[in-house]
Amino acid sequence: MKNQQLLNRLKFNASLEKLIDTIDENDRPVKSFSQIRLLKYGVLCVTTTDKEYGAQIGHDLTHKIECRIDFNIIDHENEYRIVIRKQRFAIARIYIDYPEKRMELTLYADNAKTIN
């Protein structure tokens with residue numbers, strides 16, 4: 001029953017991207033983001049505590065979302081970015097709720113402003 005309630009709360013789509021090493025036409029190594037899969041998420045509010053945490057790490061926290069547990073994201077959070085409405089966000093903090101099989105991601109805007 002709880003799993004069905006979680007699926008009903010995940011109403012929006014985002015793109016999950018991973019940083020990969022590629023080689024360009026001049027045989028030079030280049031790091032770029034590649035889309036891994038579609039990420040279903042639900043929107044959570046950003047609290048004052050989250051904003052204070054963001055001020056401590058030097059970023060403006062703009063989004064807080066919930067999604068299903070993905071251990072690849074948990075293990076390598078610095079390599080992943082989430083694209084919501086053509087804007088790329090980096091992961092600042094992950095909270096994991098094992099009994100509910102969900103995780104909360106606190107996001108901040110990455111350096112790249114928009115994606116074409």
# chains A, B, ... in the order shown; residues from 1 in each chain; ligands from 1
call {"tool": "residues_around", "arguments": {"residues": "A:Asp70", "least_positions_apart": "3", "cutoff": "10 Å", "atoms": "only C-alpha atoms", "output": "ChimeraX atom specification"}}
result
/A:67,73-75,96,101-103
call {"tool": "atom_distance", "arguments": {"atom1": "atom CA of A:Arg9", "atom2": "atom CA of A:Ser34"}}
result
26.7 Å
call {"tool": "select_by_dssp", "arguments": {"residues": "chain A", "states": "helix (DSSP H, G or I)", "output": "count of residues only"}}
result
26
call {"tool": "select_by_dssp", "arguments": {"residues": "chain A", "states": "strand (DSSP E)", "output": "PyMOL selection string"}}
result
chain A and resi 12-23+29-44+61-68+80-84+87-97+102-109
call {"tool": "write_last_selection", "arguments": {"atoms": "C-alpha atoms", "output": "compact mmCIF listing (two decimals), in the first residue's frame"}}
result
# COMPACT_ATOMS: atom_id res chain seq x y z
CA PHE A 12 6.49 15.02 -12.70
CA ASN A 13 9.24 14.00 -15.12
CA ALA A 14 12.88 15.02 -15.05
CA SER A 15 15.93 13.81 -16.91
CA LEU A 16 18.74 12.08 -15.02
CA GLU A 17 22.14 12.83 -16.54
CA LYS A 18 25.57 11.38 -15.76
CA LEU A 19 29.00 12.88 -16.32
CA ILE A 20 30.91 10.73 -18.80
CA ASP A 21 34.31 10.93 -20.47
CA THR A 22 34.22 11.07 -24.26
CA ILE A 23 36.72 11.79 -27.00
CA PRO A 29 39.22 13.79 -23.72
CA VAL A 30 36.06 15.77 -23.00
CA LYS A 31 33.66 15.51 -20.06
CA SER A 32 30.00 15.89 -20.91
CA PHE A 33 26.62 14.92 -19.53
CA SER A 34 24.63 12.10 -21.09
CA GLN A 35 20.99 11.32 -20.37
CA ILE A 36 20.64 8.07 -18.46
CA ARG A 37 16.89 7.78 -17.94
CA LEU A 38 13.66 9.54 -17.09
CA LEU A 39 13.22 10.33 -13.40
CA LYS A 40 9.73 10.49 -11.89
CA TYR A 41 9.64 12.90 -8.98
CA GLY A 42 7.37 14.78 -6.61
CA VAL A 43 7.89 18.34 -5.43
CA LEU A 44 8.68 19.10 -1.79
CA LEU A 61 19.11 25.77 -2.87
CA THR A 62 16.21 26.06 -5.24
CA HIS A 63 14.44 22.69 -5.38
CA LYS A 64 13.70 19.78 -3.10
CA ILE A 65 12.25 16.68 -4.73
CA GLU A 66 11.40 13.11 -3.77
CA CYS A 67 11.89 10.02 -5.93
CA ARG A 68 12.39 6.28 -5.64
CA TYR A 80 24.80 12.99 -11.61
CA ARG A 81 22.70 16.01 -12.57
CA ILE A 82 18.94 16.40 -12.80
CA VAL A 83 17.37 18.41 -15.62
CA ILE A 84 14.04 20.03 -14.83
CA GLN A 87 17.72 23.68 -16.40
CA ARG A 88 20.44 21.49 -14.94
CA PHE A 89 20.60 21.04 -11.16
CA ALA A 90 23.32 19.47 -9.02
CA ILE A 91 22.58 17.40 -5.93
CA ALA A 92 23.47 19.11 -2.66
CA ARG A 93 22.10 16.60 -0.14
CA ILE A 94 20.37 13.23 -0.13
CA TYR A 95 18.02 11.97 2.58
CA ILE A 96 17.09 8.27 2.34
CA ASP A 97 13.91 6.78 3.78
CA ARG A 102 12.19 6.81 -1.36
CA MET A 103 14.84 9.50 -1.19
CA GLU A 104 14.73 13.27 -0.94
CA LEU A 105 17.13 15.25 -3.10
CA THR A 106 18.03 18.85 -2.33
CA LEU A 107 19.10 20.56 -5.56
CA TYR A 108 20.93 23.74 -6.50
CA ALA A 109 21.43 25.34 -9.89
call {"tool": "atom_distance", "arguments": {"atom1": "atom CA of A:Gly58", "atom2": "atom CA of A:Glu77"}}
result
17.6 Å
call {"tool": "decode", "arguments": {"residues": "stretch 32-43 of chain A", "atoms": "N, CA, C and O atoms", "output": "PDB file, in the first residue's frame"}}
result
ATOM      1  N   SER A  32      31.314  15.352 -20.560  1.00  0.00           N
ATOM      2  CA  SER A  32      30.002  15.886 -20.913  1.00  0.00           C
ATOM      3  C   SER A  32      28.940  15.069 -20.197  1.00  0.00           C
ATOM      4  O   SER A  32      29.201  13.978 -19.686  1.00  0.00           O
ATOM      5  N   PHE A  33      27.727  15.606 -20.178  1.00  0.00           N
ATOM      6  CA  PHE A  33      26.619  14.918 -19.530  1.00  0.00           C
ATOM      7  C   PHE A  33      25.803  14.163 -20.568  1.00  0.00           C
ATOM      8  O   PHE A  33      25.513  14.672 -21.641  1.00  0.00           O
ATOM      9  N   SER A  34      25.439  12.950 -20.217  1.00  0.00           N
ATOM     10  CA  SER A  34      24.634  12.104 -21.090  1.00  0.00           C
ATOM     11  C   SER A  34      23.381  11.674 -20.334  1.00  0.00           C
ATOM     12  O   SER A  34      23.450  11.310 -19.156  1.00  0.00           O
ATOM     13  N   GLN A  35      22.239  11.697 -21.024  1.00  0.00           N
ATOM     14  CA  GLN A  35      20.991  11.322 -20.374  1.00  0.00           C
ATOM     15  C   GLN A  35      20.984   9.821 -20.102  1.00  0.00           C
ATOM     16  O   GLN A  35      21.234   9.010 -20.991  1.00  0.00           O
ATOM     17  N   ILE A  36      20.689   9.477 -18.861  1.00  0.00           N
ATOM     18  CA  ILE A  36      20.638   8.073 -18.456  1.00  0.00           C
ATOM     19  C   ILE A  36      19.207   7.541 -18.563  1.00  0.00           C
ATOM     20  O   ILE A  36      18.959   6.530 -19.184  1.00  0.00           O
ATOM     21  N   ARG A  37      18.277   8.240 -17.920  1.00  0.00           N
ATOM     22  CA  ARG A  37      16.891   7.783 -17.937  1.00  0.00           C
ATOM     23  C   ARG A  37      15.970   8.903 -17.496  1.00  0.00           C
ATOM     24  O   ARG A  37      16.412   9.969 -17.080  1.00  0.00           O
ATOM     25  N   LEU A  38      14.686   8.630 -17.573  1.00  0.00           N
ATOM     26  CA  LEU A  38      13.665   9.538 -17.095  1.00  0.00           C
ATOM     27  C   LEU A  38      13.514   9.331 -15.592  1.00  0.00           C
ATOM     28  O   LEU A  38      13.542   8.191 -15.114  1.00  0.00           O
ATOM     29  N   LEU A  39      13.363  10.394 -14.847  1.00  0.00           N
ATOM     30  CA  LEU A  39      13.222  10.326 -13.398  1.00  0.00           C
ATOM     31  C   LEU A  39      11.853  10.875 -13.016  1.00  0.00           C
ATOM     32  O   LEU A  39      11.530  12.022 -13.315  1.00  0.00           O
ATOM     33  N   LYS A  40      11.034  10.042 -12.392  1.00  0.00           N
ATOM     34  CA  LYS A  40       9.733  10.486 -11.894  1.00  0.00           C
ATOM     35  C   LYS A  40       9.951  11.068 -10.508  1.00  0.00           C
ATOM     36  O   LYS A  40      10.623  10.463  -9.677  1.00  0.00           O
ATOM     37  N   TYR A  41       9.413  12.258 -10.270  1.00  0.00           N
ATOM     38  CA  TYR A  41       9.639  12.897  -8.977  1.00  0.00           C
ATOM     39  C   TYR A  41       8.398  13.646  -8.512  1.00  0.00           C
ATOM     40  O   TYR A  41       7.488  13.933  -9.278  1.00  0.00           O
ATOM     41  N   GLY A  42       8.386  13.944  -7.232  1.00  0.00           N
ATOM     42  CA  GLY A  42       7.370  14.779  -6.613  1.00  0.00           C
ATOM     43  C   GLY A  42       8.047  15.988  -5.998  1.00  0.00           C
ATOM     44  O   GLY A  42       9.199  15.927  -5.583  1.00  0.00           O
ATOM     45  N   VAL A  43       7.324  17.087  -5.922  1.00  0.00           N
ATOM     46  CA  VAL A  43       7.894  18.337  -5.431  1.00  0.00           C
ATOM     47  C   VAL A  43       7.683  18.437  -3.929  1.00  0.00           C
ATOM     48  O   VAL A  43       6.595  18.180  -3.423  1.00  0.00           O
TER      49      VAL A  43
END
